[in-house]
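Colleague: Just one file: target_27.txt, with compact mmCIF, C-alpha atoms.
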# COMPACT_ATOMS: atom_id res chain seq x y z
CA MET A 1 130.41 25.42 169.82
CA ALA A 2 131.01 25.05 166.09
CA LEU A 3 130.98 28.28 164.09
CA VAL A 4 129.69 28.85 160.55
CA ALA A 5 130.63 32.09 158.78
CA ILE A 6 128.60 33.60 155.92
CA VAL A 7 130.80 35.65 153.57
CA GLY A 8 130.50 37.21 150.14
CA ARG A 9 130.41 40.52 148.32
CA PRO A 10 127.83 43.15 149.30
CA ASN A 11 124.10 42.67 148.79
CA VAL A 12 124.05 38.95 147.93
CA GLY A 13 121.68 38.07 150.80
CA LYS A 14 124.02 37.08 153.65
CA SER A 15 121.94 38.76 156.36
CA THR A 16 118.74 37.28 154.96
CA LEU A 17 120.23 33.79 155.21
CA PHE A 18 121.55 34.56 158.70
CA ASN A 19 118.06 35.57 159.85
CA ARG A 20 116.58 32.40 158.35
CA PHE A 21 119.16 30.18 160.02
CA THR A 22 118.70 31.82 163.42
CA GLN A 23 114.92 32.28 162.98
CA THR A 24 115.26 35.89 164.05
CA ARG A 25 115.39 39.36 162.58
CA GLN A 26 118.63 39.99 164.41
CA ALA A 27 120.59 41.21 161.39
CA ILE A 28 119.44 44.34 159.58
CA VAL A 29 118.28 43.54 156.04
CA ASP A 30 118.17 46.37 153.50
CA ASP A 31 118.69 46.80 149.78
CA THR A 32 121.57 49.17 150.50
CA ALA A 33 124.92 47.48 149.92
CA GLY A 34 127.19 47.47 152.97
CA THR A 35 124.41 47.41 155.55
CA THR A 36 126.18 44.84 157.73
CA ARG A 37 129.42 46.25 159.09
CA ASP A 38 130.30 44.22 162.20
CA ARG A 39 130.23 40.49 162.73
CA GLN A 40 126.78 39.51 163.94
CA TYR A 41 126.48 36.26 165.90
CA GLY A 42 123.48 33.97 166.34
CA HIS A 43 122.58 30.35 167.09
CA CYS A 44 121.08 27.74 164.80
CA GLU A 45 119.65 24.30 165.55
CA TRP A 46 119.14 21.72 162.83
CA ASN A 47 118.43 18.01 163.22
CA GLY A 48 119.50 18.10 166.85
CA ARG A 49 122.79 19.87 166.13
CA ASN A 50 123.49 23.32 167.58
CA PHE A 51 126.02 25.69 166.07
CA SER A 52 126.78 29.40 165.92
CA VAL A 53 126.37 31.49 162.78
CA VAL A 54 128.20 34.73 162.02
CA ASP A 55 127.02 37.25 159.43
CA THR A 56 129.79 39.41 157.99
CA GLY A 57 129.94 42.63 156.04
CA GLY A 58 130.23 42.48 152.27
CA TRP A 59 133.76 41.97 150.95
CA VAL A 60 135.01 44.89 148.82
CA GLU A 61 138.48 45.20 147.30
CA ASN A 62 140.37 48.40 146.42
CA SER A 63 137.78 50.76 147.96
CA ASP A 64 138.53 54.20 149.38
CA ASP A 65 135.59 53.91 151.81
CA VAL A 66 136.84 53.86 155.40
CA PHE A 67 134.23 51.21 156.23
CA GLU A 68 135.23 48.87 153.40
CA GLU A 69 138.75 48.40 154.76
CA GLU A 70 137.32 47.61 158.19
CA ILE A 71 134.76 45.22 156.68
CA ARG A 72 137.57 43.26 155.01
CA LYS A 73 139.26 42.89 158.39
CA GLN A 74 136.03 41.64 159.94
CA VAL A 75 135.55 39.05 157.20
CA GLN A 76 139.12 37.83 157.60
CA ILE A 77 138.62 37.39 161.35
CA ALA A 78 135.33 35.56 160.79
CA ILE A 79 137.00 33.17 158.33
CA GLU A 80 139.82 32.51 160.79
CA GLU A 81 137.37 31.83 163.64
CA SER A 82 134.95 29.63 161.71
CA ASP A 83 134.78 25.87 161.21
CA VAL A 84 132.76 26.06 157.97
CA VAL A 85 132.46 28.97 155.52
CA LEU A 86 129.37 29.63 153.41
CA PHE A 87 130.43 31.66 150.37
CA MET A 88 127.36 33.36 148.94
CA VAL A 89 127.04 34.49 145.34
CA ASP A 90 124.12 36.09 143.50
CA VAL A 91 122.72 34.09 140.59
CA LYS A 92 120.78 37.11 139.33
CA THR A 93 123.83 39.33 138.84
CA GLY A 94 126.08 36.44 137.90
CA LEU A 95 129.81 35.94 138.39
CA SER A 96 131.81 39.08 139.17
CA ASP A 97 135.49 39.92 139.59
CA LEU A 98 134.80 40.47 143.28
CA ASP A 99 133.47 36.90 143.60
CA SER A 100 136.73 35.66 142.12
CA GLU A 101 138.72 37.76 144.60
CA VAL A 102 136.81 36.31 147.57
CA ALA A 103 137.11 32.78 146.15
CA GLY A 104 140.89 33.22 145.96
CA VAL A 105 141.03 34.17 149.65
CA LEU A 106 138.83 31.20 150.60
CA ARG A 107 140.92 28.70 148.64
CA GLN A 108 143.93 29.80 150.71
CA ALA A 109 142.02 29.63 154.01
CA LYS A 110 142.05 25.81 154.12
CA LYS A 111 138.59 25.73 155.67
CA PRO A 112 135.58 23.70 154.47
CA VAL A 113 133.70 25.96 152.05
CA LEU A 114 130.18 25.57 150.71
CA LEU A 115 129.44 27.64 147.61
CA VAL A 116 125.89 29.00 147.96
CA SER A 117 124.13 30.34 144.88
CA ASN A 118 121.46 32.63 146.31
CA LYS A 119 118.35 34.23 144.80
CA THR A 120 117.53 31.06 142.86
CA ASP A 121 113.85 31.83 143.21
CA THR A 122 112.66 29.53 140.39
CA PHE A 123 113.67 26.09 139.16
CA ASP A 124 114.85 27.46 135.80
CA MET A 125 117.30 29.81 137.51
CA GLN A 126 119.25 26.84 138.87
CA TYR A 127 120.85 26.38 135.45
CA ALA A 128 122.40 29.84 135.75
CA SER A 129 124.39 28.64 138.78
CA ALA A 130 126.65 26.56 136.54
CA GLU A 131 128.95 29.52 135.82
CA PHE A 132 130.10 29.50 139.46
CA TYR A 133 131.93 26.19 138.89
CA SER A 134 134.76 28.35 137.56
CA LEU A 135 135.47 29.56 141.11
CA GLY A 136 136.98 26.18 141.95
CA LEU A 137 135.00 25.69 145.14
CA GLY A 138 132.92 22.69 144.19
CA ASP A 139 129.25 22.36 143.33
CA PRO A 140 127.12 25.49 143.77
CA ILE A 141 124.17 24.92 146.14
CA SER A 142 121.12 26.70 144.78
CA ILE A 143 118.92 28.36 147.40
CA SER A 144 116.60 31.29 147.93
CA ALA A 145 117.27 32.84 151.35
CA ALA A 146 114.22 35.05 150.90
CA ASN A 147 111.64 32.26 150.49
CA GLY A 148 113.59 29.42 152.09
CA SER A 149 113.92 27.24 149.01
CA GLY A 150 116.91 24.89 149.31
CA THR A 151 117.94 26.11 152.78
CA GLY A 152 117.04 22.78 154.38
CA ASP A 153 119.39 20.92 152.03
CA LEU A 154 122.06 23.53 152.75
CA LEU A 155 121.68 22.99 156.49
CA ASP A 156 121.99 19.22 155.97
CA LEU A 157 125.34 19.82 154.25
CA VAL A 158 126.47 22.20 157.02
CA VAL A 159 125.66 19.63 159.71
CA GLU A 160 127.53 16.99 157.70
CA LYS A 161 130.61 19.25 157.59
CA LEU A 162 130.36 19.82 161.34
CA LYS A 163 130.06 16.14 162.33
CA ASN A 164 133.64 16.06 163.63
CA ILE A 165 133.32 19.34 165.59
CA PRO A 166 132.34 18.75 169.27
CA ASP A 167 129.00 20.24 170.32
CA GLN A 168 128.55 22.14 173.57
CA GLU A 169 125.65 23.36 175.61
CA THR A 170 124.86 27.04 175.43
CA GLU A 171 124.79 28.93 178.72
CA ASP A 172 121.72 31.14 178.79
CA GLU A 173 122.11 32.16 182.46
CA ILE A 174 125.30 34.12 181.89
CA PRO A 175 124.70 37.81 182.74
CA ARG A 176 124.51 40.30 179.89
CA PHE A 177 126.03 43.75 180.16
CA ALA A 178 124.91 46.23 177.49
CA VAL A 179 127.25 49.08 176.54
CA VAL A 180 124.96 51.98 175.63
CA GLY A 181 125.22 55.67 174.89
CA ARG A 182 125.08 58.33 172.24
CA PRO A 183 127.02 57.76 169.01
CA ASN A 184 130.79 58.17 169.04
CA VAL A 185 131.37 58.08 172.81
CA GLY A 186 133.69 55.06 172.65
CA LYS A 187 131.39 52.06 173.14
CA SER A 188 133.15 49.80 170.65
CA SER A 189 136.57 51.08 171.72
CA ILE A 190 136.08 50.06 175.32
CA ILE A 191 134.88 46.56 174.35
CA ASN A 192 137.92 46.18 172.10
CA ALA A 193 140.04 47.22 175.08
CA PHE A 194 138.31 44.60 177.24
CA VAL A 195 138.77 41.68 174.87
CA GLY A 196 142.17 42.72 173.55
CA GLU A 197 141.31 42.57 169.86
CA ASP A 198 139.64 44.71 167.23
CA ARG A 199 136.45 42.69 167.32
CA HIS A 200 134.31 45.76 166.60
CA ILE A 201 134.69 48.34 163.88
CA VAL A 202 135.94 51.59 165.41
CA THR A 203 136.05 54.83 163.41
CA ASP A 204 135.53 58.49 164.20
CA ILE A 205 132.24 58.46 162.30
CA ALA A 206 129.17 58.52 164.53
CA GLY A 207 126.83 55.60 164.00
CA THR A 208 129.46 53.07 162.86
CA THR A 209 127.93 50.24 164.85
CA ARG A 210 124.51 49.40 163.41
CA ASP A 211 123.76 46.00 164.92
CA SER A 212 123.89 44.95 168.56
CA ILE A 213 126.91 42.68 168.95
CA TYR A 214 127.25 40.01 171.67
CA THR A 215 130.76 39.21 172.88
CA ARG A 216 131.50 36.45 175.39
CA TYR A 217 133.98 37.66 178.01
CA ASP A 218 135.67 34.92 180.02
CA LYS A 219 138.87 36.31 181.49
CA PHE A 220 140.35 37.27 184.87
CA GLY A 221 137.56 35.61 186.83
CA PHE A 222 134.74 37.23 184.81
CA ASP A 223 132.21 35.36 182.70
CA PHE A 224 129.45 37.29 180.97
CA TYR A 225 128.28 38.68 177.64
CA LEU A 226 129.20 42.20 176.58
CA VAL A 227 126.66 43.83 174.29
CA ASP A 228 127.82 46.66 172.03
CA THR A 229 124.83 48.57 170.73
CA ALA A 230 124.30 51.05 167.96
CA GLY A 231 124.61 54.64 169.17
CA ILE A 232 121.23 56.00 170.24
CA ARG A 233 120.31 59.40 168.75
CA LYS A 234 117.36 61.69 169.12
CA LYS A 235 114.39 60.71 166.96
CA SER A 236 114.66 63.96 165.05
CA LYS A 237 118.17 62.97 163.92
CA VAL A 238 117.25 59.46 162.79
CA GLU A 239 116.88 60.10 159.10
CA GLU A 240 117.83 56.87 157.34
CA ASN A 241 115.92 53.63 157.74
CA LEU A 242 119.05 51.73 158.75
CA GLU A 243 119.70 53.96 161.71
CA PHE A 244 116.06 53.72 162.75
CA TYR A 245 116.40 49.95 162.98
CA SER A 246 119.70 50.36 164.84
CA VAL A 247 118.04 52.54 167.47
CA MET A 248 115.29 49.96 167.91
CA ARG A 249 117.88 47.22 168.25
CA SER A 250 119.72 49.22 170.91
CA ILE A 251 116.49 49.56 172.84
CA ARG A 252 115.91 45.81 172.52
CA ALA A 253 119.46 45.17 173.76
CA ILE A 254 118.73 47.27 176.85
CA GLU A 255 115.53 45.32 177.43
CA ASN A 256 117.40 42.01 177.23
CA SER A 257 120.36 43.01 179.41
CA ASP A 258 120.99 42.76 183.14
CA VAL A 259 123.27 45.76 183.58
CA CYS A 260 123.73 48.75 181.26
CA VAL A 261 127.07 50.54 181.05
CA LEU A 262 126.24 54.11 179.99
CA MET A 263 129.14 55.73 178.17
CA LEU A 264 129.49 59.51 178.43
CA ASP A 265 131.91 61.77 176.56
CA ALA A 266 134.02 63.68 179.11
CA THR A 267 134.54 66.52 176.62
CA ARG A 268 130.80 67.07 176.21
CA GLY A 269 129.38 66.24 179.62
CA ILE A 270 125.95 64.77 180.24
CA GLU A 271 123.36 65.83 177.67
CA SER A 272 119.62 65.45 177.34
CA GLN A 273 119.96 62.33 175.19
CA ASP A 274 122.06 60.70 177.91
CA MET A 275 119.25 61.37 180.35
CA ASN A 276 116.79 59.82 177.92
CA ILE A 277 118.93 56.68 177.77
CA VAL A 278 119.04 56.50 181.57
CA SER A 279 115.26 56.85 181.63
CA LEU A 280 115.06 53.92 179.25
CA VAL A 281 117.42 51.87 181.42
CA LEU A 282 115.44 52.61 184.58
CA LYS A 283 112.10 52.09 182.87
CA ASN A 284 113.26 48.56 182.06
CA GLN A 285 114.65 48.25 185.61
CA LYS A 286 118.19 47.44 184.58
CA GLY A 287 121.34 47.94 186.56
CA LEU A 288 123.36 51.06 185.74
CA VAL A 289 127.06 51.87 185.64
CA VAL A 290 128.05 55.32 184.31
CA VAL A 291 131.39 55.53 182.52
CA VAL A 292 132.87 58.93 181.70
CA ASN A 293 135.12 58.11 178.74
CA LYS A 294 137.86 60.18 177.06
CA TRP A 295 139.07 61.40 180.46
CA ASP A 296 142.56 61.62 178.96
CA LEU A 297 141.39 64.64 176.94
CA ILE A 298 140.53 66.65 180.06
CA GLU A 299 143.38 68.96 181.08
CA ASP A 300 142.42 69.42 184.74
CA LYS A 301 142.04 65.94 186.23
CA SER A 302 142.05 67.01 189.87
CA ASN A 303 139.83 65.35 192.45
CA THR A 304 137.82 68.56 192.72
CA VAL A 305 136.98 68.52 189.01
CA MET A 306 136.12 64.84 189.20
CA LYS A 307 133.89 65.43 192.23
CA ASN A 308 132.10 68.31 190.48
CA TYR A 309 131.58 66.09 187.45
CA GLN A 310 130.10 63.33 189.62
CA ASP A 311 127.80 65.78 191.40
CA ALA A 312 126.56 67.18 188.09
CA ILE A 313 125.77 63.70 186.78
CA ARG A 314 123.92 62.63 189.91
CA SER A 315 122.04 65.92 190.04
CA LYS A 316 120.77 65.53 186.48
CA LEU A 317 119.81 61.88 186.97
CA ALA A 318 118.03 62.42 190.31
CA PRO A 319 116.11 60.95 192.05
CA PHE A 320 118.10 57.83 191.13
CA THR A 321 121.59 58.71 192.34
CA ASP A 322 122.93 55.46 193.80
CA PHE A 323 125.11 54.17 190.97
CA PRO A 324 128.87 53.92 190.32
CA ILE A 325 130.62 56.53 188.16
CA ILE A 326 133.98 55.61 186.63
CA PHE A 327 136.34 57.91 184.72
CA THR A 328 138.12 56.06 181.93
CA SER A 329 140.11 56.32 178.75
CA ALA A 330 139.31 53.41 176.45
CA ILE A 331 142.24 54.33 174.20
CA ASN A 332 144.75 54.27 177.08
CA LYS A 333 142.91 51.40 178.86
CA GLN A 334 142.72 53.55 181.96
CA ARG A 335 140.50 52.06 184.70
CA ILE A 336 138.69 49.80 182.22
CA MET A 337 138.88 46.79 184.54
CA LYS A 338 137.11 48.88 187.16
CA VAL A 339 134.19 49.11 184.74
CA LEU A 340 133.89 45.32 184.59
CA GLU A 341 134.24 45.00 188.35
CA SER A 342 131.51 47.59 188.92
CA ALA A 343 129.16 45.95 186.39
CA LYS A 344 129.67 42.60 188.10
CA ASP A 345 129.02 44.16 191.51
CA VAL A 346 125.80 45.78 190.28
CA TYR A 347 124.66 42.42 188.88
CA LEU A 348 125.25 40.81 192.28
CA HIS A 349 123.46 43.67 194.05
CA ARG A 350 120.40 42.94 191.92
CA LYS A 351 120.38 39.41 193.30
CA PHE A 352 121.01 40.33 196.93
CA HIS A 353 118.19 39.33 199.29
CA VAL A 354 117.56 40.72 202.77
CA THR A 355 115.96 38.24 205.16
CA THR A 356 112.55 39.22 206.50
CA GLY A 357 113.79 39.20 210.09
CA LYS A 358 116.67 41.61 209.41
CA LEU A 359 114.49 43.84 207.25
CA ASN A 360 111.82 44.23 209.93
CA ALA A 361 114.40 44.66 212.69
CA GLU A 362 115.96 47.60 210.84
CA MET A 363 112.97 49.24 209.15
CA LEU A 364 110.09 49.00 211.65
CA PRO A 365 111.80 51.05 214.42
CA LEU A 366 112.75 53.62 211.78
CA ILE A 367 109.18 53.77 210.47
CA GLU A 368 107.90 54.10 214.04
CA SER A 369 110.14 57.14 214.52
CA TYR A 370 109.26 58.63 211.12
CA PRO A 371 105.76 57.36 210.23
CA PRO A 372 103.98 58.23 206.99
CA PRO A 373 102.25 61.63 207.18
CA SER A 374 98.62 61.32 208.20
CA ASN A 375 96.13 61.93 205.43
CA LYS A 376 92.71 63.52 205.98
CA GLY A 377 93.08 62.94 209.70
CA LYS A 378 93.70 59.22 209.25
CA TYR A 379 96.68 57.65 210.97
CA ILE A 380 98.76 55.39 208.72
CA LYS A 381 100.64 52.50 210.30
CA ILE A 382 103.08 50.15 208.56
CA LYS A 383 103.14 46.86 210.45
CA TYR A 384 105.31 44.48 208.45
CA CYS A 385 107.70 44.37 205.49
CA THR A 386 109.44 41.75 203.37
CA GLN A 387 111.54 41.41 200.23
CA LEU A 388 110.02 39.28 197.51
CA ALA A 389 112.06 36.31 196.36
CA GLY A 390 112.33 35.83 192.63
CA PRO A 391 111.94 39.24 190.92
CA ILE A 392 114.88 40.32 188.78
CA VAL A 393 115.17 43.62 190.67
CA PRO A 394 114.99 43.96 194.49
CA THR A 395 111.31 44.37 195.40
CA PHE A 396 110.11 45.27 198.87
CA ILE A 397 106.54 45.04 200.14
CA PHE A 398 105.37 47.15 203.09
CA PHE A 399 102.01 46.24 204.61
CA ALA A 400 99.93 49.11 205.97
CA ASN A 401 96.41 49.69 207.21
CA LEU A 402 95.78 52.46 204.63
CA PRO A 403 98.20 51.84 201.74
CA GLN A 404 96.36 54.18 199.38
CA TYR A 405 97.44 57.19 201.43
CA VAL A 406 101.19 56.47 201.32
CA LYS A 407 102.59 58.87 198.73
CA GLU A 408 105.70 58.75 196.51
CA PRO A 409 107.90 60.96 198.75
CA TYR A 410 107.55 58.49 201.61
CA LYS A 411 108.29 55.56 199.28
CA ARG A 412 111.51 57.34 198.28
CA PHE A 413 112.27 57.80 201.98
CA LEU A 414 111.91 54.04 202.51
CA GLU A 415 114.08 53.32 199.49
CA ASN A 416 116.83 55.67 200.67
CA LYS A 417 116.86 54.06 204.11
CA ILE A 418 117.10 50.60 202.58
CA ARG A 419 120.05 51.77 200.49
CA GLU A 420 121.72 53.19 203.61
CA LYS A 421 121.43 49.83 205.39
CA TRP A 422 122.28 47.49 202.49
CA ASN A 423 124.31 47.85 199.33
CA PHE A 424 122.04 48.06 196.30
CA CYS A 425 124.32 50.42 194.40
CA GLY A 426 123.52 50.58 190.70
CA THR A 427 120.21 48.73 190.76
CA PRO A 428 116.69 50.14 190.90
CA ILE A 429 114.49 49.15 193.84
CA ASN A 430 110.74 48.58 193.79
CA ILE A 431 108.74 49.73 196.80
CA PHE A 432 105.10 48.61 197.07
CA ILE A 433 102.62 49.38 199.84
CA ARG A 434 99.95 46.71 200.33
CA GLN A 435 96.90 46.25 202.51
CA LYS A 436 97.55 44.41 205.76
Just give me the structure of the file as C-alpha cells.
Modeller:
Amino acid sequence: MALVAIVGRPNVGKSTLFNRFTQTRQAIVDDTAGTTRDRQYGHCEWNGRNFSVVDTGGWVENSDDVFEEEIRKQVQIAIEESDVVLFMVDVKTGLSDLDSEVAGVLRQAKKPVLLVSNKTDTFDMQYASAEFYSLGLGDPISISAANGSGTGDLLDLVVEKLKNIPDQETEDEIPRFAVVGRPNVGKSSIINAFVGEDRHIVTDIAGTTRDSIYTRYDKFGFDFYLVDTAGIRKKSKVEENLEFYSVMRSIRAIENSDVCVLMLDATRGIESQDMNIVSLVLKNQKGLVVVVNKWDLIEDKSNTVMKNYQDAIRSKLAPFTDFPIIFTSAINKQRIMKVLESAKDVYLHRKFHVTTGKLNAEMLPLIESYPPPSNKGKYIKIKYCTQLAGPIVPTFIFFANLPQYVKEPYKRFLENKIREKWNFCGTPINIFIRQK
C-alpha cells in the first residue's frame, strides 16, 4: 500500500493532520513540542483510494536532547519508506531556520513533496504563506488541520501523486499481538530485535514510547501485527497529561489485540503493577505470554532458579496459571523467536474447538465421578456440555438441573479438567452453567 509521510519541525500540527486523515484520535495531540516520538501509522481513504499515513516526530537539528537525535532518525526512516512526503510549516510563526534545514533534506530525498502551510485559519492568512516559496519546494498548500479547511484539496493532490503507486487490500483478519508491561522493561527493544531494525525509539528513560505502534511482521512463516504500547504505570505516578493519554492508549491496544506479550524485568521480578496488567489482559479475555526479559543480567541462570522464578510468577497470577513463560534477552536476541512461536500457539489455542461428542465423552464420566456438591439437600446433575462456536475465547456450556447452585470452585474444577484434556495454554476459558 502507498505510504504518505508527514514531516516538519515540532508543533506545526502534524499529528492533528494525521488524525484528520485517518479520522481517528490515534496520535496524541498536545501543545507541548516533541509530543510525537515514534512513527505512528494509520490508514486513509479518499475518493476510493486507500493509502497509509505516517506521523513523525518533529525534526530538530543540533539538539542535546537524547530524544531529538532519535526523532531525526525516525523522520529519516519515514522519508525513505514513503511514496509522498507532506512537509508541514506553520504560517503563524512563519519561516524558520529549522524549516530551511528540513527543506534541504527533502530536496535531496528525491521523493514527491507537497509543501503544506498549516494553521491558515482565515482567508487573509493565506497571503502569509507566500514566504514559503523560498524553500524551493513548489506552491504552498494552505490548510487548517484543526478545522479541516483545505484538507480536501490537499487529499486530492495526494491521490494525484499516488496514481502510479499500486493499491492493495488491507488485511484486517491478521492477528494482533500487543507487547505490554511496565515502563523500561524492554518492549521496544524486543520488537526491534524481531524486525531487525531500529523501528522504535529505545532509550534508558522510562516512558519513551508514548503512542501504540503497529508493526507488520511477515517473516519466517509468521504473519501478524506487533503492537508496541506505552509503558503502563500506576495511576499515582501518571503526572503529565501526555502519559495519561499513553496509558489509555495502552489499555485500548490490549482491548484490540488477540494475544498480549507481558514483558517482565528479570532484575526486578513480578510486581503489583505487572499483576494489574495481567488482570487487565484477563478482564478483556486476551491470550497471554509472559516474557522475562534481561535474563542476561542474572548471574545464576540454573534450571532451579528458572523453575523458582516460574513458580513465583504462576503463584502470584493464580488462579490463571496455564500460560507460557519464556526467559529472554532482547539485547542478545536470546530465545526471542520462541516468544513469537508461543504467541502464535496461544492465538491458535484460542481458536481450537472441541467437538461436542468428544467433550461429552471425556467430561460426563468425570462429572459423574466428581459431581457438584449438593446444596441445601438438593442433588445437582450435569447432563450435557458443548463448546460454543464463534466466540473469540473458548466458551463451554454445561447444562444442569439446578445451575444456580453450581459455585465458582466447581467451575474452576471443570476448567482445569478441560485444560488437562486439551491444550488451551495461554488463553482464558469461559465456563457457563445453564438450565437443562
Colleague: Excluding segment 405-417 of chain A and residues on its chain fewer than 2 positions from it, collect all residues at most 7 Å away from it, counting all atoms listed in the file, and give them as a ChimeraX atom specification.
Modeller: /A:372,375,402-403,419-421,431
Colleague: Quick one, how far is atom CA of Ser129 of chain A from atom CA of Ser144 of chain A?
Modeller: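 We find that atom CA of Ser129 of chain A and atom CA of Ser144 of chain A lie 12.3 Å from each other.
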Colleague: Compare A:Pro175, A:Gly13, A:Gly196, A:Pro371 by their minimum atom-to-atom distance to Val259 of chain A, counting all atoms listed in the file, and give me the closest one.
Modeller: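 Looking at the shortest contact to Val259 of chain A, the residue is A:Pro175.
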Colleague: Using 8 Å of padding on each side, determine the axis-aligned box around all atoms of segment 430-436 of chain A present in the file and give its centre and edge lengths in Å to one decimal, as JSON.
Modeller:
{"center_x": 103.8, "center_y": 47.1, "center_z": 199.8, "size_x": 29.8, "size_y": 21.3, "size_z": 28.0}
Colleague: Restricting the calculation to only C-alpha atoms, which member of A:Ala5, A:Met88, A:Leu317, A:Leu340 is positioned closest to Val116 of chain A?
Modeller: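 Counting only C-alpha atoms, the residue closest to Val116 of chain A is A:Met88.
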Colleague: Which one of A:Pro10, A:Ala178, A:Trp46, A:Thr122 sits closest to Val102 of chain A if you count all atoms listed in the file?
Modeller: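 Closest to Val102 of chain A, using all atoms listed in the file: A:Pro10.
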Colleague: Separation of atom CA of Pro394 of chain A and atom CA of Tyr379 of chain A, in Å?
Modeller: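 Answer for the atom CA of Pro394 of chain A to atom CA of Tyr379 of chain A separation: 28.2 Å.
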Colleague: From the set A:Ser134, A:Asn423, A:Ser82, A:Thr151, which residue has the shortest atom-to-atom contact distance to Asp345 of chain A, counting all atoms listed in the file?
Modeller: A:Asn423
Colleague: Would you pick out the contacts of Arg107 of chain A at 12 Å or less, using all atoms listed in the file, so that residues sharing its chain but fewer than 3 positions from it are not included, and give the list as a JSON list (two decimals) with C-alpha atoms, in the frame of the given file?
Modeller:
[["chain", "number", "residue", "atom", "x", "y", "z"],
["A", 79, "ILE", "CA", 137.00, 33.17, 158.33],
["A", 85, "VAL", "CA", 132.46, 28.97, 155.52],
["A", 87, "PHE", "CA", 130.43, 31.66, 150.37],
["A", 100, "SER", "CA", 136.73, 35.66, 142.12],
["A", 101, "GLU", "CA", 138.72, 37.76, 144.60],
["A", 102, "VAL", "CA", 136.81, 36.31, 147.57],
["A", 103, "ALA", "CA", 137.11, 32.78, 146.15],
["A", 104, "GLY", "CA", 140.89, 33.22, 145.96],
["A", 110, "LYS", "CA", 142.05, 25.81, 154.12],
["A", 111, "LYS", "CA", 138.59, 25.73, 155.67],
["A", 112, "PRO", "CA", 135.58, 23.70, 154.47],
["A", 113, "VAL", "CA", 133.70, 25.96, 152.05],
["A", 114, "LEU", "CA", 130.18, 25.57, 150.71],
["A", 115, "LEU", "CA", 129.44, 27.64, 147.61],
["A", 135, "LEU", "CA", 135.47, 29.56, 141.11],
["A", 136, "GLY", "CA", 136.98, 26.18, 141.95],
["A", 137, "LEU", "CA", 135.00, 25.69, 145.14],
["A", 138, "GLY", "CA", 132.92, 22.69, 144.19]]
Colleague: Could you check how far atom CA of Pro391 of chain A sits from atom CA of Arg350 of chain A, in Å to one decimal?
Modeller: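 So the answer is 9.3 Å.
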